[in-house]
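Q: Got query.tsv for you, TSV, C-alpha atoms:
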chain	number	residue	atom	x	y	z
A	2	MET	CA	-51.27	-78.01	-22.19
A	3	PRO	CA	-50.54	-81.33	-20.54
A	4	ILE	CA	-53.54	-82.52	-18.57
A	5	SER	CA	-55.51	-85.73	-18.53
A	6	ARG	CA	-58.16	-86.36	-21.19
A	7	LEU	CA	-61.57	-86.10	-19.62
A	8	CYS	CA	-64.08	-88.83	-20.61
A	9	PRO	CA	-67.72	-87.94	-21.39
A	10	ASN	CA	-69.97	-88.47	-18.39
A	11	THR	CA	-72.57	-85.75	-18.60
A	12	HIS	CA	-74.12	-84.38	-15.41
A	13	PRO	CA	-77.64	-82.92	-15.78
A	14	VAL	CA	-76.63	-79.54	-14.33
A	15	LEU	CA	-72.94	-79.07	-14.85
A	16	GLN	CA	-72.52	-81.27	-17.91
A	17	ILE	CA	-68.90	-81.92	-16.98
A	18	ARG	CA	-66.91	-84.70	-18.53
A	19	ALA	CA	-65.49	-86.88	-15.78
A	20	CYS	CA	-63.05	-89.72	-16.17
A	21	ASN	CA	-64.33	-93.15	-15.19
A	22	ASN	CA	-60.87	-94.66	-14.92
A	23	GLU	CA	-58.09	-92.69	-13.29
A	24	THR	CA	-54.67	-94.29	-13.48
A	25	GLY	CA	-53.49	-92.54	-10.35
A	26	SER	CA	-50.07	-92.05	-11.87
A	27	LYS	CA	-47.96	-89.37	-10.37
A	28	SER	CA	-46.14	-86.68	-12.32
A	29	VAL	CA	-42.42	-87.04	-12.53
A	30	THR	CA	-39.95	-84.21	-12.49
A	31	ARG	CA	-36.73	-84.37	-14.44
A	32	LYS	CA	-33.56	-83.29	-12.73
A	33	THR	CA	-32.61	-79.86	-14.03
A	34	LYS	CA	-29.15	-79.46	-15.52
A	35	VAL	CA	-28.05	-76.02	-14.39
A	36	SER	CA	-25.37	-74.38	-16.52
A	37	PRO	CA	-22.90	-72.16	-14.63
A	38	GLN	CA	-23.13	-69.71	-17.53
A	39	LEU	CA	-26.80	-68.96	-16.85
A	40	ASN	CA	-27.78	-66.46	-14.19
A	41	ARG	CA	-30.51	-67.06	-11.64
A	42	TRP	CA	-33.13	-65.12	-13.55
A	43	SER	CA	-32.81	-67.04	-16.79
A	44	ARG	CA	-32.79	-70.40	-15.02
A	45	ALA	CA	-35.89	-69.50	-13.06
A	46	ARG	CA	-37.67	-68.39	-16.21
A	47	ALA	CA	-36.86	-71.70	-17.90
A	48	ILE	CA	-38.25	-73.63	-14.94
A	49	ARG	CA	-41.38	-71.45	-14.82
A	50	SER	CA	-42.07	-72.12	-18.47
A	51	GLY	CA	-42.28	-75.86	-17.76
A	52	HIS	CA	-39.62	-76.90	-20.28
A	53	LYS	CA	-37.65	-78.71	-17.57
A	54	LEU	CA	-40.59	-80.72	-16.32
A	55	ASP	CA	-41.30	-84.28	-17.42
A	56	ARG	CA	-45.02	-84.75	-17.07
A	57	SER	CA	-46.31	-88.33	-17.03
A	58	SER	CA	-47.96	-89.68	-20.14
A	59	SER	CA	-51.33	-89.68	-18.40
A	60	ARG	CA	-51.22	-85.88	-18.39
A	61	THR	CA	-50.04	-85.26	-21.91
A	62	GLN	CA	-53.38	-85.28	-23.61
A	63	THR	CA	-55.50	-82.19	-24.16
A	64	LEU	CA	-59.09	-81.24	-23.69
A	65	GLU	CA	-61.48	-81.89	-26.53
A	66	PRO	CA	-64.08	-79.13	-26.55
A	67	ASN	CA	-67.59	-80.12	-27.62
A	68	HIS	CA	-68.61	-77.57	-30.24
A	69	SER	CA	-71.97	-79.21	-30.92
A	70	GLN	CA	-73.56	-77.99	-27.70
A	71	PRO	CA	-74.30	-74.39	-26.68
A	72	THR	CA	-73.01	-72.86	-23.49
A	73	VAL	CA	-74.20	-74.94	-20.55
A	74	PRO	CA	-76.03	-73.58	-17.52
A	75	LEU	CA	-73.52	-72.08	-15.15
A	76	ALA	CA	-75.15	-73.34	-11.95
A	77	VAL	CA	-72.89	-75.24	-9.60
A	78	ASN	CA	-74.40	-78.37	-8.03
A	79	PRO	CA	-72.93	-79.29	-4.62
A	80	ASP	CA	-73.81	-82.96	-5.25
A	81	HIS	CA	-71.23	-83.06	-8.03
A	82	ALA	CA	-68.30	-82.17	-5.82
A	83	VAL	CA	-65.04	-83.92	-6.61
A	84	SER	CA	-64.38	-86.85	-4.31
A	85	GLU	CA	-61.17	-87.23	-2.38
A	86	ASP	CA	-60.50	-90.49	-4.21
A	87	ASP	CA	-60.29	-88.58	-7.49
A	88	ALA	CA	-57.90	-85.95	-6.18
A	89	GLU	CA	-54.35	-86.23	-7.43
A	90	PHE	CA	-51.58	-84.04	-6.10
A	91	SER	CA	-48.36	-83.63	-7.98
A	92	ALA	CA	-44.89	-83.00	-6.63
A	93	VAL	CA	-44.88	-80.05	-9.01
A	94	ASN	CA	-46.99	-77.05	-8.06
A	95	SER	CA	-49.32	-76.41	-10.99
A	96	ILE	CA	-50.81	-73.07	-11.95
A	97	TYR	CA	-53.72	-73.09	-14.40
A	98	ILE	CA	-54.09	-69.90	-16.45
A	99	VAL	CA	-57.56	-69.60	-17.99
A	100	SER	CA	-58.74	-66.92	-20.40
A	101	ASP	CA	-61.56	-66.37	-22.87
A	102	GLY	CA	-59.06	-64.50	-25.05
A	103	THR	CA	-55.40	-65.10	-25.80
A	104	GLY	CA	-54.37	-65.38	-22.15
A	105	TRP	CA	-51.57	-62.87	-22.66
A	106	THR	CA	-52.60	-60.69	-19.73
A	107	ALA	CA	-52.96	-63.50	-17.20
A	108	GLU	CA	-49.80	-65.28	-18.37
A	109	HIS	CA	-47.67	-62.16	-18.01
A	110	CYS	CA	-49.15	-61.41	-14.60
A	111	VAL	CA	-48.30	-64.90	-13.41
A	112	ASN	CA	-44.75	-64.70	-14.79
A	113	ALA	CA	-44.25	-61.31	-13.13
A	114	ALA	CA	-45.41	-62.70	-9.80
A	115	LEU	CA	-43.24	-65.82	-10.15
A	116	GLY	CA	-40.27	-63.49	-10.56
A	117	GLN	CA	-40.58	-62.80	-6.82
A	118	PHE	CA	-39.77	-66.46	-6.13
A	119	ASP	CA	-36.72	-66.97	-8.33
A	120	TYR	CA	-34.63	-68.07	-5.35
A	121	CYS	CA	-37.05	-70.91	-4.66
A	122	LEU	CA	-37.60	-71.90	-8.29
A	123	VAL	CA	-33.90	-72.03	-9.11
A	124	ASP	CA	-33.04	-74.13	-6.08
A	125	ARG	CA	-35.97	-76.45	-6.93
A	126	GLY	CA	-37.44	-75.91	-3.50
A	127	CYS	CA	-40.84	-75.17	-5.05
A	128	PRO	CA	-40.95	-76.33	-8.69
A	129	VAL	CA	-43.78	-74.77	-10.67
A	130	SER	CA	-45.45	-75.77	-13.92
A	131	THR	CA	-47.83	-73.35	-15.66
A	132	HIS	CA	-50.61	-74.42	-18.03
A	133	LEU	CA	-52.33	-71.90	-20.32
A	134	PHE	CA	-55.92	-72.50	-21.46
A	135	SER	CA	-56.91	-69.79	-23.95
A	136	GLY	CA	-60.16	-69.26	-25.81
A	137	ILE	CA	-62.29	-70.78	-23.05
A	138	ASP	CA	-65.63	-69.24	-23.98
A	139	ASP	CA	-68.20	-71.75	-22.71
A	140	GLY	CA	-69.14	-73.01	-19.28
A	141	GLU	CA	-68.64	-76.71	-19.98
A	142	ARG	CA	-64.98	-76.39	-20.88
A	143	LEU	CA	-64.39	-73.98	-18.00
A	144	LEU	CA	-65.80	-76.40	-15.43
A	145	GLU	CA	-63.84	-79.31	-16.93
A	146	ILE	CA	-60.64	-77.35	-16.35
A	147	ILE	CA	-61.60	-76.42	-12.79
A	148	LYS	CA	-62.36	-80.05	-11.97
A	149	GLN	CA	-58.96	-81.05	-13.33
A	150	ALA	CA	-57.42	-78.32	-11.14
A	151	VAL	CA	-59.03	-80.03	-8.14
A	152	LYS	CA	-57.41	-83.34	-9.05
A	153	GLU	CA	-53.99	-81.79	-9.55
A	154	GLY	CA	-54.16	-79.42	-6.59
A	155	ALA	CA	-53.58	-76.46	-8.93
A	156	LEU	CA	-53.98	-72.74	-8.43
A	157	LEU	CA	-56.42	-71.18	-10.92
A	158	VAL	CA	-55.65	-67.72	-12.33
A	159	TYR	CA	-58.22	-66.41	-14.78
A	160	THR	CA	-59.10	-63.44	-16.96
A	161	LEU	CA	-62.69	-63.84	-18.11
A	162	ALA	CA	-64.33	-60.79	-19.65
A	163	ASP	CA	-67.75	-62.49	-19.64
A	164	SER	CA	-69.20	-61.79	-16.19
A	165	SER	CA	-71.26	-65.02	-16.21
A	166	LEU	CA	-68.15	-67.12	-16.86
A	167	ALA	CA	-66.20	-65.24	-14.20
A	168	SER	CA	-69.02	-65.78	-11.72
A	169	ALA	CA	-69.19	-69.50	-12.56
A	170	ALA	CA	-65.44	-69.85	-12.05
A	171	GLU	CA	-65.62	-68.09	-8.70
A	172	LYS	CA	-68.50	-70.26	-7.47
A	173	ALA	CA	-66.98	-73.55	-8.67
A	174	CYS	CA	-63.58	-72.75	-7.13
A	175	LYS	CA	-65.20	-71.83	-3.83
A	176	LEU	CA	-67.34	-74.97	-3.81
A	177	TRP	CA	-64.52	-77.37	-4.71
A	178	GLY	CA	-61.81	-75.67	-2.67
A	179	VAL	CA	-59.66	-74.54	-5.59
A	180	PRO	CA	-57.47	-71.51	-4.77
A	181	SER	CA	-58.14	-68.90	-7.43
A	182	THR	CA	-57.44	-65.33	-8.48
A	183	ASN	CA	-59.54	-63.18	-10.80
A	184	VAL	CA	-56.94	-60.96	-12.47
A	185	LEU	CA	-59.24	-58.91	-14.70
A	186	GLY	CA	-62.37	-58.53	-12.58
A	187	PRO	CA	-61.34	-56.06	-9.85
A	188	ILE	CA	-59.65	-53.57	-12.17
A	189	THR	CA	-62.50	-53.80	-14.70
A	190	GLU	CA	-65.02	-53.04	-11.95
A	191	ALA	CA	-62.91	-50.13	-10.70
A	192	ILE	CA	-62.66	-48.60	-14.19
A	193	ALA	CA	-66.37	-49.13	-14.82
A	194	SER	CA	-67.17	-47.31	-11.58
A	195	HIS	CA	-64.74	-44.51	-12.41
A	196	LEU	CA	-66.10	-44.00	-15.94
A	197	GLY	CA	-69.73	-44.58	-15.02
A	198	VAL	CA	-70.28	-47.09	-17.82
A	199	SER	CA	-70.56	-50.86	-18.06
A	200	PRO	CA	-67.86	-53.07	-19.64
A	201	SER	CA	-68.64	-54.83	-22.92
A	202	GLY	CA	-67.98	-58.30	-21.51
A	203	LEU	CA	-66.15	-59.30	-24.69
A	204	PRO	CA	-62.57	-60.60	-24.68
A	205	ARG	CA	-60.04	-58.44	-26.45
A	206	GLY	CA	-59.89	-59.35	-30.14
A	207	ALA	CA	-63.26	-61.11	-30.06
A	208	SER	CA	-65.02	-61.78	-33.36
A	209	GLY	CA	-67.07	-58.78	-34.45
A	210	VAL	CA	-64.99	-56.25	-32.52
A	211	PRO	CA	-63.29	-53.86	-35.00
A	212	LEU	CA	-59.50	-53.68	-34.92
A	213	SER	CA	-58.28	-50.51	-33.27
A	214	ASP	CA	-55.87	-47.91	-34.66
A	215	ASP	CA	-53.42	-49.07	-32.00
A	216	TYR	CA	-53.35	-52.53	-33.56
A	217	PHE	CA	-52.41	-51.19	-37.00
A	218	ARG	CA	-49.87	-48.87	-35.43
A	219	ARG	CA	-48.12	-51.85	-33.84
A	220	ILE	CA	-48.11	-53.77	-37.13
A	221	GLU	CA	-46.58	-50.78	-38.93
A	222	ALA	CA	-43.97	-50.40	-36.18
A	223	ILE	CA	-42.97	-54.07	-36.40
A	224	GLU	CA	-42.60	-53.90	-40.19
A	225	PHE	CA	-40.46	-50.77	-39.93
A	226	THR	CA	-38.27	-52.22	-37.18
A	227	ILE	CA	-37.56	-55.43	-39.09
A	228	LYS	CA	-36.48	-53.44	-42.14
A	229	GLN	CA	-34.18	-51.25	-40.00
A	230	ASP	CA	-32.44	-54.10	-38.18
A	231	ASP	CA	-28.65	-54.10	-37.83
A	232	GLY	CA	-28.04	-50.76	-39.54
A	233	ALA	CA	-30.09	-51.50	-42.66
A	234	SER	CA	-31.51	-48.54	-44.62
A	235	PRO	CA	-29.73	-45.79	-42.65
A	236	GLN	CA	-31.54	-43.18	-44.73
A	237	ASN	CA	-34.68	-43.96	-42.71
A	238	LEU	CA	-33.18	-43.33	-39.27
A	239	ALA	CA	-34.96	-40.00	-38.96
A	240	LYS	CA	-38.32	-41.78	-39.28
A	241	ALA	CA	-37.63	-43.91	-36.20
A	242	ASP	CA	-39.14	-43.12	-32.81
A	243	ILE	CA	-36.17	-44.73	-31.06
A	244	VAL	CA	-32.63	-45.50	-32.28
A	245	LEU	CA	-30.51	-48.06	-30.41
A	246	THR	CA	-26.76	-48.33	-30.83
A	247	GLY	CA	-24.12	-50.59	-29.28
A	248	VAL	CA	-21.53	-53.24	-30.04
A	249	SER	CA	-22.49	-56.70	-31.26
A	250	ARG	CA	-24.51	-58.92	-28.86
A	251	THR	CA	-25.76	-56.15	-26.57
A	252	GLY	CA	-29.35	-57.13	-27.33
A	253	LYS	CA	-30.23	-54.47	-29.88
A	254	THR	CA	-32.41	-56.67	-32.10
A	255	PRO	CA	-34.56	-58.39	-29.43
A	256	LEU	CA	-35.00	-55.07	-27.64
A	257	SER	CA	-36.04	-53.42	-30.91
A	258	ILE	CA	-38.65	-56.10	-31.62
A	259	TYR	CA	-39.99	-55.92	-28.08
A	260	LEU	CA	-40.42	-52.13	-28.34
A	261	ALA	CA	-41.96	-52.48	-31.81
A	262	GLN	CA	-44.64	-54.78	-30.40
A	263	LYS	CA	-45.59	-51.88	-28.16
A	264	GLY	CA	-46.01	-49.62	-31.19
A	265	TYR	CA	-42.63	-47.85	-31.40
A	266	LYS	CA	-40.70	-47.64	-34.66
A	267	VAL	CA	-37.17	-48.68	-33.73
A	268	ALA	CA	-33.91	-48.70	-35.68
A	269	ASN	CA	-30.68	-50.19	-34.38
A	270	VAL	CA	-27.17	-49.30	-35.50
A	271	PRO	CA	-24.19	-51.55	-34.65
A	272	ILE	CA	-20.92	-50.06	-33.42
A	273	VAL	CA	-18.01	-51.78	-35.15
A	274	MET	CA	-14.36	-50.72	-34.88
A	275	GLY	CA	-13.01	-49.57	-38.23
A	276	VAL	CA	-16.51	-48.98	-39.64
A	277	GLU	CA	-17.74	-45.41	-39.78
A	278	MET	CA	-21.12	-44.73	-38.23
A	279	PRO	CA	-23.77	-43.71	-40.78
A	280	ARG	CA	-23.88	-39.95	-41.39
A	281	THR	CA	-27.63	-39.95	-41.00
A	282	LEU	CA	-27.20	-40.90	-37.34
A	283	SER	CA	-25.76	-37.44	-36.64
A	284	GLN	CA	-28.84	-35.91	-38.26
A	285	VAL	CA	-31.25	-37.75	-35.97
A	286	ASP	CA	-32.68	-35.94	-32.96
A	287	PRO	CA	-30.20	-37.01	-30.23
A	288	LYS	CA	-33.07	-37.37	-27.78
A	289	LYS	CA	-34.17	-40.43	-29.75
A	290	VAL	CA	-30.82	-42.24	-29.51
A	291	PHE	CA	-29.94	-44.71	-26.74
A	292	GLY	CA	-26.58	-46.40	-26.23
A	293	LEU	CA	-26.29	-49.96	-24.95
A	294	THR	CA	-23.27	-51.34	-23.12
A	295	ILE	CA	-22.48	-54.53	-21.20
A	296	ASN	CA	-19.90	-56.08	-18.89
A	297	HIS	CA	-16.94	-57.38	-20.90
A	298	GLY	CA	-16.89	-60.77	-19.18
A	299	VAL	CA	-20.58	-61.39	-19.83
A	300	LEU	CA	-20.17	-60.23	-23.42
A	301	GLN	CA	-17.34	-62.70	-23.96
A	302	ASP	CA	-19.52	-65.59	-22.72
A	303	ILE	CA	-22.34	-64.53	-25.03
A	304	ARG	CA	-20.04	-64.24	-28.03
A	305	LYS	CA	-18.44	-67.61	-27.37
A	306	THR	CA	-21.88	-69.19	-27.41
A	307	ARG	CA	-22.75	-67.27	-30.56
A	308	ALA	CA	-19.52	-68.39	-32.24
A	309	LYS	CA	-20.38	-72.03	-31.52
A	310	THR	CA	-23.83	-71.66	-33.06
A	311	LEU	CA	-22.19	-70.19	-36.16
A	312	GLY	CA	-19.92	-73.23	-36.41
A	313	PHE	CA	-16.65	-71.58	-35.38
A	314	SER	CA	-14.26	-74.06	-33.78
A	315	SER	CA	-12.02	-73.18	-30.85
A	316	GLY	CA	-9.07	-73.09	-33.25
A	317	SER	CA	-10.70	-70.69	-35.70
A	318	ARG	CA	-8.81	-67.48	-36.25
A	319	THR	CA	-11.25	-64.82	-35.08
A	320	ASN	CA	-11.01	-62.09	-32.49
A	321	TYR	CA	-14.79	-61.89	-32.13
A	322	SER	CA	-14.78	-63.47	-28.65
A	323	GLU	CA	-11.25	-62.59	-27.52
A	324	MET	CA	-11.14	-60.55	-24.32
A	325	ASP	CA	-8.58	-58.02	-25.57
A	326	TYR	CA	-10.67	-57.27	-28.64
A	327	ILE	CA	-13.88	-57.04	-26.59
A	328	ARG	CA	-12.31	-54.58	-24.17
A	329	GLU	CA	-11.02	-52.47	-27.04
A	330	GLU	CA	-14.40	-52.52	-28.76
A	331	LEU	CA	-16.25	-51.49	-25.60
A	332	GLU	CA	-13.75	-48.67	-25.04
A	333	PHE	CA	-14.32	-47.53	-28.62
A	334	ALA	CA	-18.07	-47.49	-28.00
A	335	GLY	CA	-17.51	-45.62	-24.74
A	336	ARG	CA	-15.62	-42.88	-26.57
A	337	LEU	CA	-18.47	-42.57	-29.06
A	338	PHE	CA	-20.96	-42.25	-26.23
A	339	ALA	CA	-18.78	-39.59	-24.57
A	340	GLN	CA	-18.83	-37.60	-27.81
A	341	ASN	CA	-22.62	-37.65	-27.65
A	342	PRO	CA	-23.44	-36.83	-24.02
A	343	VAL	CA	-27.15	-36.44	-24.76
A	344	TRP	CA	-27.43	-40.16	-25.49
A	345	PRO	CA	-28.38	-42.10	-22.35
A	346	VAL	CA	-26.20	-45.18	-21.93
A	347	ILE	CA	-27.96	-48.26	-20.56
A	348	ASP	CA	-25.96	-51.12	-19.07
A	349	VAL	CA	-27.82	-54.27	-20.13
A	350	THR	CA	-25.74	-56.62	-17.97
A	351	ALA	CA	-28.06	-58.87	-15.93
A	352	LYS	CA	-31.10	-57.03	-17.29
A	353	ALA	CA	-33.99	-58.79	-18.96
A	354	ILE	CA	-35.25	-57.34	-22.24
A	355	GLU	CA	-38.36	-56.11	-20.41
A	356	GLU	CA	-36.24	-54.28	-17.82
A	357	THR	CA	-34.11	-52.55	-20.44
A	358	ALA	CA	-37.24	-51.62	-22.41
A	359	ALA	CA	-38.77	-50.09	-19.28
A	360	VAL	CA	-35.72	-47.84	-18.84
A	361	VAL	CA	-35.75	-46.82	-22.51
A	362	LEU	CA	-39.46	-45.98	-22.47
A	363	ARG	CA	-39.24	-44.07	-19.21
A	364	LEU	CA	-36.44	-41.87	-20.58
A	365	PHE	CA	-38.17	-41.58	-23.96
A	366	HIS	CA	-41.41	-40.30	-22.44
A	367	ASP	CA	-39.60	-38.07	-19.94
A	368	ARG	CA	-37.91	-36.35	-22.85
A	369	LYS	CA	-41.05	-36.27	-24.96
A	370	HIS	CA	-42.97	-34.54	-22.19
A	371	LYS	CA	-39.93	-32.43	-21.25
A	372	CYS	CA	-39.68	-33.78	-17.75
A	373	THR	CA	-36.71	-32.69	-15.67
A	374	MET	CA	-33.92	-35.27	-15.60
A	375	SER	CA	-31.18	-35.26	-12.99
A	376	SER	CA	-28.51	-36.39	-15.44
A	377	ILE	CA	-28.77	-37.09	-19.15
A	378	SER	CA	-25.51	-38.93	-19.68
A	379	LYS	CA	-25.48	-41.16	-16.60
A	380	ARG	CA	-25.56	-44.91	-17.11
A	381	TYR	CA	-28.73	-46.78	-16.30
Rewrite the coordinates I just gave you, this time as structure tokens.
A:
Amino acid sequence: MPISRLCPNTHPVLQIRACNNETGSKSVTRKTKVSPQLNRWSRARAIRSGHKLDRSSSRTQTLEPNHSQPTVPLAVNPDHAVSEDDAEFSAVNSIYIVSDGTGWTAEHCVNAALGQFDYCLVDRGCPVSTHLFSGIDDGERLLEIIKQAVKEGALLVYTLADSSLASAAEKACKLWGVPSTNVLGPITEAIASHLGVSPSGLPRGASGVPLSDDYFRRIEAIEFTIKQDDGASPQNLAKADIVLTGVSRTGKTPLSIYLAQKGYKVANVPIVMGVEMPRTLSQVDPKKVFGLTINHGVLQDIRKTRAKTLGFSSGSRTNYSEMDYIREELEFAGRLFAQNPVWPVIDVTAKAIEETAAVVLRLFHDRKHKCTMSSISKRY
């Protein structure tokens, strides 16, 4: 992640590397080119990811952890507070995400929260740049990052399973005035109190911790889903937990992979006019099948973009992205869905993959546990 390189200047208590020479350069933001074809959600997500930000060269270098020294004492010395002269505030609001594991939990929490500010992010009223620091398992590196957060005026969001590291982060942020949020701590303490046992203090996937059955189940689900993509191996449809069907470019493949990463074996079957649906689909438990549909105008835009990536010129003879053909194809899919009223039909227009997956899983588990549903065939 783009932050300044910190020069070695060891303090007897904190042992933090501090830079002797700060350039004082300010970060520069690049003007975002907003395409009218992108909706507000996708533009905001691109801005949140930091791809549209042009950080200055002084912030493009990374931390160099010192592996030769053991974990440093986690005492915080007030005499080593960061001076105002060293503080650097960027026009971009930075969020530092720190984890002693992969950082997946904290990163997704931050992105979910940023989704509440799409209106501000899209209009560039409050540009945000996120920086992920994963595998931070010693006090020295942790305090280096916090000191850099002081200089950049960043918010610190952390998930630290090690209670001593979490405590050090809390104390340092309080001492140096860094706004911070401990994502993992409160819920871990609540679960520990509820179960009456103490947490291990090890990050998920730490060395020495055996891989769980859930991990192998996800790997098996991903392998199955890849092999079943786009109607391949229809003889295995009955082995799938979930079967997705819809016309081309309704998001079947990315949705399948997303669900597979959660441990569900997913097959997807394309609906193509003039091509008979596989017979094995009719033999699958209809409660496993989900139909996907989309607005015809949005689908045309997606297909035009897809055609360009495939090298089709505007003069190419293809009805793939023609509105009349798209309408006819969606009507054909609608008739198929009507013939199978048990299949829920999900409208993916303006839905993120995560949102569509949430609907699929809610319906899947409702059916699995035989929960009462107000209407099976309604569109979601």
Q: Please write as a ChimeraX atom specification the list of polymer residues whose atoms come within 12 Å of (-24.5, -41.0, -43.1), counting only C-alpha atoms and keeping to the coordinates of the file.
A: /A:232-239,270,276-285
Q: Give me the residues within 10 Å of A:Glu108 as a ChimeraX atom specification, counting all atoms listed in the file and dropping any in the same chain fewer than 5 places off.
A: /A:97-100,103,113-114,131-134,158-160
Q: Pick out the closest residue to A:Gly154 from this set: A:Tyr120, A:Tyr259, A:Trp177, A:Trp344. Count all atoms listed in the file.
A: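 Among A:Tyr120, A:Tyr259, A:Trp177, A:Trp344, it is A:Trp177 that comes nearest to A:Gly154.
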Q: For atom CA of A:Thr306 and atom CA of A:Thr226, determine how far apart the two atoms are, in Å to one decimal place.
A: 25.5 Å
Q: Could you check which of A:Leu203, A:Ala334, A:Val248, A:Val299 is closest to A:Thr189, using only C-alpha atoms?
A: A:Leu203
Q: Take atom CA of A:Asn341 and atom CA of A:Leu300 and report the distance between them in Å, one decimal.
A: 23.1 Å
Q: If you measure from atom CA of A:Ser181 to atom CA of A:Pro200, what distance in Å do you get, rounded to one decimal?
A: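 Atom CA of A:Pro200 lies 22.2 Å from atom CA of A:Ser181.
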Q: When you look at A:Ile327 with a cut-off of 10 Å (counting all atoms listed in the file), what residues show up, excluding the ones that are within fewer than 4 positions of it in the same chain? I need them as a PyMOL selection string.
A: chain A and resi 248-249+296-298+300-301+304+320-323+331-333
Q: Could you write out that same residue set with C-alpha atoms as a tab-separated table (two decimals), in the coordinates of the input?
A:
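The resulting again-v6.tsv:
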chain	number	residue	atom	x	y	z
A	248	VAL	CA	-21.53	-53.24	-30.04
A	249	SER	CA	-22.49	-56.70	-31.26
A	296	ASN	CA	-19.90	-56.08	-18.89
A	297	HIS	CA	-16.94	-57.38	-20.90
A	298	GLY	CA	-16.89	-60.77	-19.18
A	300	LEU	CA	-20.17	-60.23	-23.42
A	301	GLN	CA	-17.34	-62.70	-23.96
A	304	ARG	CA	-20.04	-64.24	-28.03
A	320	ASN	CA	-11.01	-62.09	-32.49
A	321	TYR	CA	-14.79	-61.89	-32.13
A	322	SER	CA	-14.78	-63.47	-28.65
A	323	GLU	CA	-11.25	-62.59	-27.52
A	331	LEU	CA	-16.25	-51.49	-25.60
A	332	GLU	CA	-13.75	-48.67	-25.04
A	333	PHE	CA	-14.32	-47.53	-28.62
Q: For stretch 183-187 of chain A, list every protein, DNA or RNA residue within 10 Å, evaluated using all atoms listed in the file, and leave out those in the same chain fewer than 6 positions away; present the list as a list in words.
A: Val99, Ser100, Thr106, Ala107, Cys110, Val111, Leu157, Val158, Tyr159, Thr160, Leu161, Ala162, Asp163, Ser164, Ala167, Ser168, Ala170, Glu171 and Ala193 of chain A
Q: How would the residues just picked look written out with C-alpha atoms as a CSV table (one decimal), keeping the file's coordinate frame?
A:
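Output file selection_23.csv is given in full below:
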chain,number,residue,atom,x,y,z
A,99,VAL,CA,-57.6,-69.6,-18.0
A,100,SER,CA,-58.7,-66.9,-20.4
A,106,THR,CA,-52.6,-60.7,-19.7
A,107,ALA,CA,-53.0,-63.5,-17.2
A,110,CYS,CA,-49.2,-61.4,-14.6
A,111,VAL,CA,-48.3,-64.9,-13.4
A,157,LEU,CA,-56.4,-71.2,-10.9
A,158,VAL,CA,-55.6,-67.7,-12.3
A,159,TYR,CA,-58.2,-66.4,-14.8
A,160,THR,CA,-59.1,-63.4,-17.0
A,161,LEU,CA,-62.7,-63.8,-18.1
A,162,ALA,CA,-64.3,-60.8,-19.6
A,163,ASP,CA,-67.8,-62.5,-19.6
A,164,SER,CA,-69.2,-61.8,-16.2
A,167,ALA,CA,-66.2,-65.2,-14.2
A,168,SER,CA,-69.0,-65.8,-11.7
A,170,ALA,CA,-65.4,-69.8,-12.0
A,171,GLU,CA,-65.6,-68.1,-8.7
A,193,ALA,CA,-66.4,-49.1,-14.8
Q: From the list A:Ala339, A:Leu245, A:Val93, A:Ala308, which residue is nearest A:Ile272 when using all atoms listed in the file?
A: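 The closest residue to A:Ile272 is A:Leu245.
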Q: Within 7 Å of (-58.1, -65.0, -26.8), only C-alpha atoms: residues as a compact mmCIF listing (two decimals) with C-alpha atoms, in the frame of the given file?
A:
# COMPACT_ATOMS: atom_id res chain seq x y z
CA SER A 100 -58.74 -66.92 -20.40
CA ASP A 101 -61.56 -66.37 -22.87
CA GLY A 102 -59.06 -64.50 -25.05
CA THR A 103 -55.40 -65.10 -25.80
CA GLY A 104 -54.37 -65.38 -22.15
CA SER A 135 -56.91 -69.79 -23.95
CA GLY A 136 -60.16 -69.26 -25.81
CA PRO A 204 -62.57 -60.60 -24.68
CA ARG A 205 -60.04 -58.44 -26.45
CA GLY A 206 -59.89 -59.35 -30.14
Q: Might I get the box with edges along x, y and z of the file that holds all atoms of stretch 335-345 of chain A listed there, padded by 8 Å on every side, given as centre and edge lengths in Å to one decimal, as lines of an AutoDock Vina configuration file?
A:
center_x = -22.0
center_y = -41.0
center_z = -25.7
size_x = 28.8
size_y = 25.2
size_z = 22.7
